[in-house]
Amino acid sequence: MCPAVALGFALAQSVGQLTYLKPFVEDFNTAWLAEGTFLLTGGAMTLVYIAETISKLKLGNGTSILIFASIASSVPSSIGAAITQSSQDANVGTGSLTQIAILMTSKLGLIGPYYELSTAQVAYAAAFVATTLGIVYVQEAERRIPINYASRFKAGNLSGQSYLPFK
């Protein structure tokens with residue numbers, strides 16, 4: 001994307017988001033709006049620069065890599081929150097790191113069974129495994145499309161079949 005277009009979108013979006021926050025800000029004024037717009041636009045343009053640099057270095061699509069990094073960075077906290085919530089739902093405790101470690105190691109047989117897995121924890125783990133397997137299956141799937149060449153026909157059959165791999 002052209003940096004000038006990105007700058008225009010960043011300015012419009014930052015002003016829009018800050019204006020949306022107007023009812024929640026006690027001292028909303030033009031200086032606050034200008035400062036917030038400058039900071040949000042500067043952050044957006046920094047990300048545009050990083051994305052373009054990644055793309056220019058042929059490391060992949062820079063924007064996609066930044067989006068993936070953002071999603072991947074939130075996975076540990078999401079897993080922790082899910083374990084904490086499911087352990088609270090099962091009246092196991094507060095879900096502290098020690099309790100989670102005890103829960104996981106007891107099911108691996110490393111220490112005695114202090115806690116039992118709740119139905120929510122088993123369902124969460126099964127959904128995670130099923131989703132991962134489904135994604136891998138779809139990503140690795142390949143359809144072989146036969147390619148027919150006129151010069152390869154001999155006596156009505158193909159002398160050597162070629163395929164076009166299609167993912």
# chains A, B, ... in the order shown; residues from 1 in each chain; ligands from 1

$ residues_around --residues "A:Glu52" --least-positions-apart "6" --cutoff "10 Å" --atoms "only C-alpha atoms" --output "list in words"
Met1, Cys2, Pro3, Thr46, Lys58, Asn61, Gly62 and Thr63 of chain A

$ write_last_selection --atoms "C-alpha atoms" --output "PDB file, in the first residue's frame"
ATOM      1  CA  MET A   1       0.000   0.000   0.000  1.00  0.00           C
ATOM      2  CA  CYS A   2       1.185   3.489  -0.759  1.00  0.00           C
ATOM      3  CA  PRO A   3       2.410   5.184   2.433  1.00  0.00           C
ATOM      4  CA  THR A  46       5.541   2.466  12.228  1.00  0.00           C
ATOM      5  CA  LYS A  58      11.548 -11.136   0.759  1.00  0.00           C
ATOM      6  CA  ASN A  61       4.051 -10.750   3.233  1.00  0.00           C
ATOM      7  CA  GLY A  62       4.933  -8.246   5.949  1.00  0.00           C
ATOM      8  CA  THR A  63       1.360  -7.422   6.897  1.00  0.00           C
TER       9      THR A  63
END

$ closest_residue --among "A:Val15, A:Ile145, A:Leu66, A:Val138" --to "A:Leu40" --atoms "only C-alpha atoms"
A:Val15

$ atom_distance --atom1 "atom CA of A:Ala51" --atom2 "atom CA of A:Ser73"
17.0 Å

$ residues_around --residues "A:Met45" --least-positions-apart "6" --cutoff "8 Å" --atoms "only C-alpha atoms" --output "VMD selection string"
chain A and resid 3 6 to 7 10

$ write_last_selection --atoms "C-alpha atoms" --output "PDB file, in the first residue's frame"
ATOM      1  CA  PRO A   3       2.410   5.184   2.433  1.00  0.00           C
ATOM      2  CA  ALA A   6      -1.923   4.467   4.637  1.00  0.00           C
ATOM      3  CA  LEU A   7      -1.308   7.812   6.337  1.00  0.00           C
ATOM      4  CA  ALA A  10      -4.497   6.073   9.803  1.00  0.00           C
TER       5      ALA A  10
END

$ atom_distance --atom1 "atom CA of A:Gly8" --atom2 "atom CA of A:Leu59"
26.7 Å

$ atom_distance --atom1 "atom CA of A:Ala120" --atom2 "atom CA of A:Ile79"
13.0 Å
